[in-house]
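Below: coords.cif (mmCIF, C-alpha atoms)
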data_coords
#
loop_
_atom_site.group_PDB
_atom_site.id
_atom_site.type_symbol
_atom_site.label_atom_id
_atom_site.label_comp_id
_atom_site.auth_asym_id
_atom_site.auth_seq_id
_atom_site.Cartn_x
_atom_site.Cartn_y
_atom_site.Cartn_z
ATOM 1 C CA MET N 22 0.000 0.000 0.000
ATOM 2 C CA ALA N 23 2.806 2.395 0.950
ATOM 3 C CA SER N 24 4.633 1.442 -2.259
ATOM 4 C CA MET N 25 1.573 2.265 -4.369
ATOM 5 C CA MET N 26 1.116 5.624 -2.654
ATOM 6 C CA LEU N 27 4.802 6.461 -3.252
ATOM 7 C CA LYS N 28 4.511 5.588 -6.955
ATOM 8 C CA SER N 29 1.357 7.717 -7.273
ATOM 9 C CA SER N 30 3.105 10.654 -5.609
ATOM 10 C CA VAL N 31 6.119 10.402 -7.942
ATOM 11 C CA SER N 32 3.866 10.089 -10.991
ATOM 12 C CA ALA N 33 1.897 13.168 -9.939
ATOM 13 C CA ARG N 34 5.100 15.210 -9.550
ATOM 14 C CA VAL N 35 6.405 14.069 -12.941
ATOM 15 C CA ALA N 36 3.087 14.930 -14.600
ATOM 16 C CA ALA N 37 3.094 18.367 -13.021
ATOM 17 C CA ARG N 38 6.516 19.330 -14.403
ATOM 18 C CA PRO N 39 5.444 19.878 -18.050
ATOM 19 C CA ALA N 40 2.570 22.019 -16.829
ATOM 20 C CA ARG N 41 4.994 24.288 -14.955
ATOM 21 C CA ARG N 42 7.216 24.540 -18.034
ATOM 22 C CA ALA N 43 4.199 25.346 -20.186
ATOM 23 C CA THR N 44 3.195 28.058 -17.735
ATOM 24 C CA VAL N 45 6.683 29.590 -17.943
ATOM 25 C CA GLN N 46 6.577 29.504 -21.755
ATOM 26 C CA VAL N 47 3.172 31.196 -21.854
ATOM 27 C CA ALA N 48 4.360 33.862 -19.433
ATOM 28 C CA ALA N 49 7.478 34.504 -21.536
ATOM 29 C CA SER N 50 5.366 34.802 -24.676
ATOM 30 C CA ALA N 51 2.950 37.166 -22.960
ATOM 31 C CA SER N 52 5.815 39.357 -21.732
ATOM 32 C CA ARG N 53 7.205 39.880 -25.250
ATOM 33 C CA PRO N 54 7.333 43.615 -26.053
ATOM 34 C CA THR N 55 4.873 44.640 -28.749
ATOM 35 C CA TRP N 56 4.156 47.876 -30.589
ATOM 36 C CA TYR N 57 1.229 48.611 -28.254
ATOM 37 C CA PRO N 58 0.323 46.956 -24.921
ATOM 38 C CA GLY N 59 -1.580 43.719 -25.411
ATOM 39 C CA ALA N 60 -0.963 43.464 -29.156
ATOM 40 C CA THR N 61 -0.918 39.973 -30.649
ATOM 41 C CA ALA N 62 2.019 39.543 -33.027
ATOM 42 C CA PRO N 63 1.269 37.825 -36.354
ATOM 43 C CA ALA N 64 2.525 34.281 -36.732
ATOM 44 C CA HIS N 65 5.370 35.202 -39.108
ATOM 45 C CA LEU N 66 6.929 37.599 -36.570
ATOM 46 C CA ASP N 67 8.298 35.348 -33.831
ATOM 47 C CA GLY N 68 10.601 37.888 -32.166
ATOM 48 C CA SER N 69 13.809 36.485 -33.672
ATOM 49 C CA ILE N 70 14.525 39.618 -35.749
ATOM 50 C CA PRO N 71 16.105 42.581 -33.888
ATOM 51 C CA GLY N 72 13.485 45.264 -33.364
ATOM 52 C CA ASP N 73 10.555 42.911 -33.960
ATOM 53 C CA TYR N 74 7.585 44.258 -31.982
ATOM 54 C CA GLY N 75 4.920 42.410 -33.943
ATOM 55 C CA PHE N 76 4.134 45.388 -36.204
ATOM 56 C CA ASP N 77 3.070 44.346 -39.684
ATOM 57 C CA PRO N 78 -0.538 45.509 -40.141
ATOM 58 C CA LEU N 79 -0.458 45.020 -43.921
ATOM 59 C CA ARG N 80 1.107 41.548 -43.602
ATOM 60 C CA LEU N 81 3.976 42.419 -45.945
ATOM 61 C CA GLY N 82 6.346 39.939 -44.323
ATOM 62 C CA THR N 83 4.335 36.724 -44.538
ATOM 63 C CA ASN N 84 6.750 35.374 -47.165
ATOM 64 C CA PRO N 85 10.009 34.417 -45.357
ATOM 65 C CA GLU N 86 12.128 35.199 -48.422
ATOM 66 C CA THR N 87 10.544 38.624 -48.871
ATOM 67 C CA LEU N 88 10.870 39.331 -45.147
ATOM 68 C CA LYS N 89 14.669 39.003 -45.434
ATOM 69 C CA TRP N 90 14.729 41.724 -48.076
ATOM 70 C CA PHE N 91 12.456 43.986 -46.042
ATOM 71 C CA LYS N 92 14.736 43.549 -43.033
ATOM 72 C CA GLU N 93 17.819 44.500 -45.059
ATOM 73 C CA ALA N 94 15.985 47.418 -46.707
ATOM 74 C CA GLU N 95 14.936 48.838 -43.342
ATOM 75 C CA LEU N 96 18.465 48.528 -41.989
ATOM 76 C CA THR N 97 20.017 50.172 -45.058
ATOM 77 C CA ASN N 98 17.529 53.046 -45.124
ATOM 78 C CA GLY N 99 17.955 53.516 -41.385
ATOM 79 C CA ARG N 100 21.726 53.836 -41.772
ATOM 80 C CA TRP N 101 21.344 56.396 -44.547
ATOM 81 C CA ALA N 102 18.823 58.307 -42.448
ATOM 82 C CA MET N 103 21.180 58.401 -39.454
ATOM 83 C CA ALA N 104 23.941 59.803 -41.680
ATOM 84 C CA ALA N 105 21.550 62.329 -43.242
ATOM 85 C CA VAL N 106 20.163 63.563 -39.916
ATOM 86 C CA ALA N 107 23.654 63.998 -38.479
ATOM 87 C CA GLY N 108 24.746 65.885 -41.608
ATOM 88 C CA ILE N 109 21.694 68.155 -41.633
ATOM 89 C CA LEU N 110 22.116 69.062 -37.966
ATOM 90 C CA PHE N 111 25.822 69.761 -38.516
ATOM 91 C CA THR N 112 25.233 72.064 -41.498
ATOM 92 C CA ASP N 113 22.523 73.895 -39.568
ATOM 93 C CA LEU N 114 24.734 74.368 -36.514
ATOM 94 C CA VAL N 115 27.731 75.741 -38.435
ATOM 95 C CA GLY N 116 25.672 77.957 -40.747
ATOM 96 C CA LEU N 117 26.199 76.133 -44.040
ATOM 97 C CA PRO N 118 23.522 76.266 -46.791
ATOM 98 C CA LYS N 119 20.226 74.516 -46.023
ATOM 99 C CA PHE N 120 20.159 70.860 -46.942
ATOM 100 C CA TRP N 121 17.413 71.267 -49.546
ATOM 101 C CA LEU N 122 19.488 73.937 -51.315
ATOM 102 C CA ALA N 123 22.838 72.118 -51.203
ATOM 103 C CA GLY N 124 22.447 70.726 -54.720
ATOM 104 C CA ALA N 125 22.267 74.213 -56.220
ATOM 105 C CA GLU N 126 25.486 75.411 -54.585
ATOM 106 C CA LYS N 127 28.791 75.818 -56.431
ATOM 107 C CA TYR N 128 31.631 73.529 -55.383
ATOM 108 C CA ALA N 129 35.276 72.993 -56.358
ATOM 109 C CA ILE N 130 34.071 70.209 -58.665
ATOM 110 C CA ASP N 131 31.176 70.902 -61.017
ATOM 111 C CA ASN N 132 27.886 69.093 -60.444
ATOM 112 C CA GLN N 133 28.170 66.951 -63.569
ATOM 113 C CA THR N 134 31.545 65.560 -62.492
ATOM 114 C CA LEU N 135 30.233 65.032 -58.955
ATOM 115 C CA ALA N 136 27.256 63.113 -60.315
ATOM 116 C CA ILE N 137 29.531 60.819 -62.365
ATOM 117 C CA ILE N 138 31.762 60.172 -59.338
ATOM 118 C CA GLU N 139 28.723 59.390 -57.168
ATOM 119 C CA VAL N 140 27.303 56.941 -59.719
ATOM 120 C CA ILE N 141 30.604 55.052 -59.978
ATOM 121 C CA VAL N 142 31.217 54.963 -56.202
ATOM 122 C CA PHE N 143 27.651 53.891 -55.434
ATOM 123 C CA ALA N 144 27.698 51.222 -58.145
ATOM 124 C CA VAL N 145 30.822 49.654 -56.641
ATOM 125 C CA LEU N 146 29.744 49.882 -53.001
ATOM 126 C CA GLU N 147 26.152 48.754 -53.562
ATOM 127 C CA GLY N 148 27.252 45.990 -55.912
ATOM 128 C CA LYS N 149 29.645 44.605 -53.305
ATOM 129 C CA ARG N 150 27.053 44.994 -50.555
ATOM 130 C CA TYR N 151 24.467 43.064 -52.579
ATOM 131 C CA GLU N 152 26.994 40.373 -53.462
ATOM 132 C CA GLY N 153 28.035 39.971 -49.816
ATOM 133 C CA TRP N 154 24.474 39.982 -48.518
ATOM 134 C CA LYS N 155 23.436 37.245 -50.949
ATOM 135 C CA LYS N 156 26.444 35.158 -49.887
ATOM 136 C CA TYR N 157 26.589 35.775 -46.130
ATOM 137 C CA GLY N 158 23.088 37.037 -45.309
ATOM 138 C CA THR N 159 24.413 40.199 -43.644
ATOM 139 C CA SER N 160 25.470 43.705 -44.645
ATOM 140 C CA GLY N 161 29.086 44.737 -44.929
ATOM 141 C CA PHE N 162 31.602 46.965 -46.662
ATOM 142 C CA LEU N 163 33.495 45.883 -49.800
ATOM 143 C CA ASN N 164 34.902 42.442 -48.839
ATOM 144 C CA SER N 165 34.192 42.659 -45.095
ATOM 145 C CA PHE N 166 31.012 40.806 -44.033
ATOM 146 C CA PRO N 167 29.830 41.661 -41.511
ATOM 147 C CA PHE N 168 31.570 45.037 -41.247
ATOM 148 C CA ASP N 169 32.631 45.213 -37.612
ATOM 149 C CA PRO N 170 36.155 46.713 -37.296
ATOM 150 C CA LEU N 171 35.687 47.536 -33.589
ATOM 151 C CA ASN N 172 34.261 44.098 -32.703
ATOM 152 C CA MET N 173 31.064 45.632 -31.281
ATOM 153 C CA ARG N 174 28.611 43.276 -32.981
ATOM 154 C CA SER N 175 26.048 41.782 -30.584
ATOM 155 C CA GLU N 176 22.284 41.301 -30.242
ATOM 156 C CA GLN N 177 22.096 44.442 -28.118
ATOM 157 C CA THR N 178 23.930 46.658 -30.607
ATOM 158 C CA ALA N 179 21.868 45.200 -33.475
ATOM 159 C CA LEU N 180 18.680 46.207 -31.648
ATOM 160 C CA LYS N 181 20.058 49.673 -30.914
ATOM 161 C CA GLU N 182 20.972 50.162 -34.568
ATOM 162 C CA VAL N 183 17.452 49.285 -35.718
ATOM 163 C CA LYS N 184 15.857 51.577 -33.134
ATOM 164 C CA ASN N 185 18.128 54.507 -33.944
ATOM 165 C CA GLY N 186 17.616 53.917 -37.657
ATOM 166 C CA ARG N 187 13.837 54.064 -37.283
ATOM 167 C CA LEU N 188 14.102 57.211 -35.183
ATOM 168 C CA ALA N 189 16.389 58.797 -37.785
ATOM 169 C CA MET N 190 13.945 57.999 -40.614
ATOM 170 C CA LEU N 191 11.156 59.719 -38.700
ATOM 171 C CA ALA N 192 13.460 62.649 -37.932
ATOM 172 C CA PHE N 193 14.362 63.028 -41.603
ATOM 173 C CA VAL N 194 10.682 63.081 -42.560
ATOM 174 C CA GLY N 195 10.203 65.761 -39.895
ATOM 175 C CA PHE N 196 13.108 67.834 -41.244
ATOM 176 C CA CYS N 197 11.680 67.674 -44.776
ATOM 177 C CA SER N 198 8.214 68.586 -43.511
ATOM 178 C CA GLN N 199 9.579 71.601 -41.634
ATOM 179 C CA ALA N 200 11.457 72.735 -44.728
ATOM 180 C CA ALA N 201 8.319 72.399 -46.888
ATOM 181 C CA VAL N 202 5.936 74.061 -44.411
ATOM 182 C CA ARG N 203 8.113 76.709 -42.751
ATOM 183 C CA GLY N 204 11.083 77.025 -45.075
ATOM 184 C CA LYS N 205 13.505 76.622 -42.164
ATOM 185 C CA GLY N 206 15.998 74.077 -40.918
ATOM 186 C CA PRO N 207 15.510 71.913 -37.804
ATOM 187 C CA ILE N 208 17.694 74.036 -35.489
ATOM 188 C CA GLU N 209 15.883 77.259 -36.417
ATOM 189 C CA CYS N 210 12.483 75.596 -36.067
ATOM 190 C CA LEU N 211 13.462 74.251 -32.647
ATOM 191 C CA SER N 212 14.592 77.713 -31.516
ATOM 192 C CA ASP N 213 11.299 79.260 -32.664
ATOM 193 C CA HIS N 214 9.304 76.580 -30.849
ATOM 194 C CA LEU N 215 11.225 76.963 -27.585
ATOM 195 C CA ALA N 216 10.741 80.727 -27.713
ATOM 196 C CA ASP N 217 6.941 80.415 -28.046
ATOM 197 C CA PRO N 218 5.811 76.766 -27.768
ATOM 198 C CA GLY N 219 2.117 77.624 -27.436
ATOM 199 C CA HIS N 220 1.927 79.390 -30.785
ATOM 200 C CA VAL N 221 4.772 77.829 -32.763
ATOM 201 C CA ASN N 222 4.129 74.100 -33.130
ATOM 202 C CA ILE N 223 2.898 71.634 -35.702
ATOM 203 C CA PHE N 224 -0.764 72.118 -34.760
ATOM 204 C CA THR N 225 -0.614 75.894 -35.358
ATOM 205 C CA SER N 226 1.170 75.494 -38.698
ATOM 206 C CA SER N 227 -0.446 75.393 -42.131
ATOM 207 C CA VAL N 228 -0.853 71.605 -41.813
ATOM 208 C CA GLY N 229 -2.256 71.709 -38.281
ATOM 209 C CA LYS N 230 -5.662 70.271 -39.179
ATOM 210 C CA GLU N 231 -4.196 67.405 -41.172
ATOM 211 C CA THR N 232 -1.832 66.615 -38.318
ATOM 212 C CA ALA N 233 -4.645 66.600 -35.759
ATOM 213 C CA VAL N 234 -6.663 64.139 -37.872
ATOM 214 C CA THR N 235 -3.595 61.887 -38.337
ATOM 215 C CA VAL N 236 -2.875 61.834 -34.610
ATOM 216 C CA ALA N 237 -6.519 61.005 -33.851
ATOM 217 C CA VAL N 238 -6.584 58.124 -36.348
ATOM 218 C CA LEU N 239 -3.311 56.667 -35.035
ATOM 219 C CA SER N 240 -4.617 56.933 -31.485
ATOM 220 C CA VAL N 241 -7.719 54.822 -32.174
ATOM 221 C CA TRP N 242 -5.993 52.401 -34.552
ATOM 222 C CA PRO N 243 -5.071 49.873 -31.811
ATOM 223 C CA ILE N 244 -8.688 49.954 -30.618
ATOM 224 C CA ILE N 245 -9.891 49.121 -34.137
ATOM 225 C CA ILE N 246 -7.392 46.278 -34.390
ATOM 226 C CA GLU N 247 -8.482 44.731 -31.086
ATOM 227 C CA ALA N 248 -12.146 45.124 -32.076
ATOM 228 C CA THR N 249 -11.641 43.249 -35.364
ATOM 229 C CA LYS N 250 -9.760 40.491 -33.550
ATOM 230 C CA SER N 251 -12.619 40.139 -31.080
ATOM 231 C CA LEU N 252 -15.075 39.834 -33.978
ATOM 232 C CA ASN N 253 -12.951 36.985 -35.373
ATOM 233 C CA LYS N 254 -12.673 35.154 -32.059
ATOM 234 C CA GLY N 255 -13.139 31.445 -32.573
ATOM 235 C CA GLY N 256 -11.579 31.466 -36.037
ATOM 236 C CA LYS N 257 -14.644 32.761 -37.893
ATOM 237 C CA GLN N 258 -13.656 35.264 -40.578
ATOM 238 C CA ASP N 259 -16.496 37.787 -40.680
ATOM 239 C CA THR N 260 -14.290 40.889 -40.898
ATOM 240 C CA PRO N 261 -13.897 42.481 -44.353
ATOM 241 C CA ALA N 262 -10.548 42.185 -46.178
ATOM 242 C CA LEU N 263 -10.141 45.898 -45.483
ATOM 243 C CA PHE N 264 -8.466 44.799 -42.248
ATOM 244 C CA PRO N 265 -5.497 42.592 -43.248
ATOM 245 C CA TRP N 266 -4.518 42.072 -39.597
ATOM 246 C CA ALA N 267 -7.773 40.176 -38.917
ATOM 247 C CA GLU N 268 -6.417 36.674 -38.434
ATOM 248 C CA PRO N 269 -8.201 33.699 -36.870
ATOM 249 C CA TRP N 270 -8.149 33.951 -33.064
ATOM 250 C CA LYS N 271 -5.702 31.535 -31.452
ATOM 251 C CA ASN N 272 -6.507 30.288 -27.983
#
Take the structure in the file and give it back as structure tokens.
Amino acid sequence: MASMMLKSSVSARVAARPARRATVQVAASASRPTWYPGATAPAHLDGSIPGDYGFDPLRLGTNPETLKWFKEAELTNGRWAMAAVAGILFTDLVGLPKFWLAGAEKYAIDNQTLAIIEVIVFAVLEGKRYEGWKKYGTSGFLNSFPFDPLNMRSEQTALKEVKNGRLAMLAFVGFCSQAAVRGKGPIECLSDHLADPGHVNIFTSSVGKETAVTVAVLSVWPIIIEATKSLNKGGKQDTPALFPWAEPWKN
């Protein structure tokens, strides 16, 4: 009798172990950072890509092969944006011509020669980058893949690069918008805003109404997403194709 009770106790403990592991896995999945609190990441975004917060409302990355190209494109554009933002801020600080007028300036080398040099340099660098990316699956410089002369490559630095690249792309869009709306550079616009923030801001500009509508739509967007998911709970697809994020609910 005692032997049977001991076997039952051991069996119960063994059976309980997978349940505890499953609980830990569910908790880890639930704690994954997403682009808004409580968001459910689509199946093709499993968190393995640096900077993956489950944001793909148009489901552009469902094809694994295409997703690789999108990842590289975002990284490349982010790097160019970081360089552009740093250059724009520098030219503004030292009083050089505005970035949107730089192409019309006169330089030691005429514009036609500069254009030819740029085409040749870019053809070589981009050709080598494409060749290396196809071979090694990572970006680099000339014959160095990955390009990491200071040995700083890690998961943490990869995440930081993606985040800073995204921020720089938004900043560049902001710089261009300021130039189009106010005809001023970012440093001058910042100085004007700090001098009178209540009257000099994006909402009091010529695109204030459009901006207010955009902010309102983006604010309710997560609510719309969660509502469409609730309508599809149980796997029934009643939501129109207008909402590409409406996937079958997974319990």
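Between CA of Val221 in chain N and CA of Ala105 in chain N the interatomic distance comes to 25.1 Å.
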When distances are computed from only C-alpha atoms, which of N:Asn84, N:Ser69, N:Asn185, N:Ser240 shows the smallest separation from Gly99 in chain N?
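Nearest to Gly99 in chain N: N:Asn185.
Put simply, CA of Thr87 in chain N is 24.7 Å away from CA of Asn164 in chain N.
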I need the residue set behind the PyMOL selection byres ((chain N and resi 83) around 12) for this file; please write it as a JSON list (two decimals) with C-alpha atoms, in the coordinates of the input.
[["chain", "number", "residue", "atom", "x", "y", "z"],
["N", 63, "PRO", "CA", 1.27, 37.83, -36.35],
["N", 64, "ALA", "CA", 2.52, 34.28, -36.73],
["N", 65, "HIS", "CA", 5.37, 35.20, -39.11],
["N", 66, "LEU", "CA", 6.93, 37.60, -36.57],
["N", 67, "ASP", "CA", 8.30, 35.35, -33.83],
["N", 77, "ASP", "CA", 3.07, 44.35, -39.68],
["N", 78, "PRO", "CA", -0.54, 45.51, -40.14],
["N", 79, "LEU", "CA", -0.46, 45.02, -43.92],
["N", 80, "ARG", "CA", 1.11, 41.55, -43.60],
["N", 81, "LEU", "CA", 3.98, 42.42, -45.94],
["N", 82, "GLY", "CA", 6.35, 39.94, -44.32],
["N", 84, "ASN", "CA", 6.75, 35.37, -47.16],
["N", 85, "PRO", "CA", 10.01, 34.42, -45.36],
["N", 86, "GLU", "CA", 12.13, 35.20, -48.42],
["N", 87, "THR", "CA", 10.54, 38.62, -48.87],
["N", 88, "LEU", "CA", 10.87, 39.33, -45.15],
["N", 89, "LYS", "CA", 14.67, 39.00, -45.43],
["N", 91, "PHE", "CA", 12.46, 43.99, -46.04],
["N", 265, "PRO", "CA", -5.50, 42.59, -43.25],
["N", 266, "TRP", "CA", -4.52, 42.07, -39.60]]
Closest pair table for range 179-211 of chain N residues within 12 Å of range 167-173 of chain N, all atoms listed in the file, as a Markdown table:
| residue | atom | partner | partner_atom | distance |
| --- | --- | --- | --- | --- |
| N:Ala179 | CA | N:Met173 | CA | 9.5 |
| N:Lys181 | CA | N:Met173 | CA | 11.7 |
| N:Glu182 | CA | N:Met173 | CA | 11.5 |
Take the selection from the previous step and output its residues with C-alpha atoms, as a compact mmCIF listing (two decimals), in the frame of the given file.
# COMPACT_ATOMS: atom_id res chain seq x y z
CA ALA N 179 21.87 45.20 -33.48
CA LYS N 181 20.06 49.67 -30.91
CA GLU N 182 20.97 50.16 -34.57
With the PyMOL selection byres ((chain N and resi 224-231) around 12) as the selection, what would be picked from this file? Answer as a PyMOL selection string, please.
chain N and resi 198-199+201-204+210+214+217-223+232-238
What gap, in Å, lies between CA of Phe120 in chain N and CA of Trp101 in chain N?
14.7 Å
Counting only C-alpha atoms, the option among N:Glu93, N:Val145, N:Asp73, N:Gly108 closest to Ala123 in chain N:
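Smallest distance to Ala123 in chain N is found for N:Gly108.
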For Ser160 in chain N, which residue out of N:Phe111, N:Phe193, N:Tyr128, N:Trp90 is the nearest one, using all atoms listed in the file?
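Distance minimum relative to Ser160 in chain N lands on N:Trp90.
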Write out as JSON, numbers by chain the residues lying within 12 Å of Ile244 in chain N, counting all atoms listed in the file and excluding same-chain residues fewer than 4 positions away.
{"N": [57, 58, 59, 60, 237, 238, 239, 240, 248, 249, 250, 251]}
Quick one: residues within 12 Å of Gly124 in chain N, only C-alpha atoms counted, chain neighbours fewer than 4 positions away excluded, as a compact mmCIF listing (two decimals) with C-alpha atoms, keeping the file's coordinate frame?
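Result file selection.txt:
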# COMPACT_ATOMS: atom_id res chain seq x y z
CA PRO N 118 23.52 76.27 -46.79
CA LYS N 119 20.23 74.52 -46.02
CA PHE N 120 20.16 70.86 -46.94
CA TYR N 128 31.63 73.53 -55.38
CA ASP N 131 31.18 70.90 -61.02
CA ASN N 132 27.89 69.09 -60.44
CA GLN N 133 28.17 66.95 -63.57
CA LEU N 135 30.23 65.03 -58.96
CA ALA N 136 27.26 63.11 -60.32
Between N:Val142, N:Phe196, N:Thr159, N:Pro243, single out the one closest to Leu110 in chain N, counting only C-alpha atoms.
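Selected residue with least distance to Leu110 in chain N: N:Phe196.
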Local residues around (20.7, 73.6, -38.4), at most 6 Å away, using all atoms listed in the file, as a VMD selection string:
chain N and resid 110 112 to 114 206 to 208
Need the shell around Met190 in chain N: protein/DNA/RNA residues with any atom at most 9 Å away, counting all atoms listed in the file. Skip same-chain ones fewer than 6 positions apart. Format as a PyMOL selection string?
chain N and resi 98-103+106
I'd like the contact shell of Lys184 in chain N - 10 Å cut-off, only C-alpha atoms, skipping same-chain residues fewer than 5 positions apart - returned as a ChimeraX atom specification.
/N:71-72,96,99,178-179,189
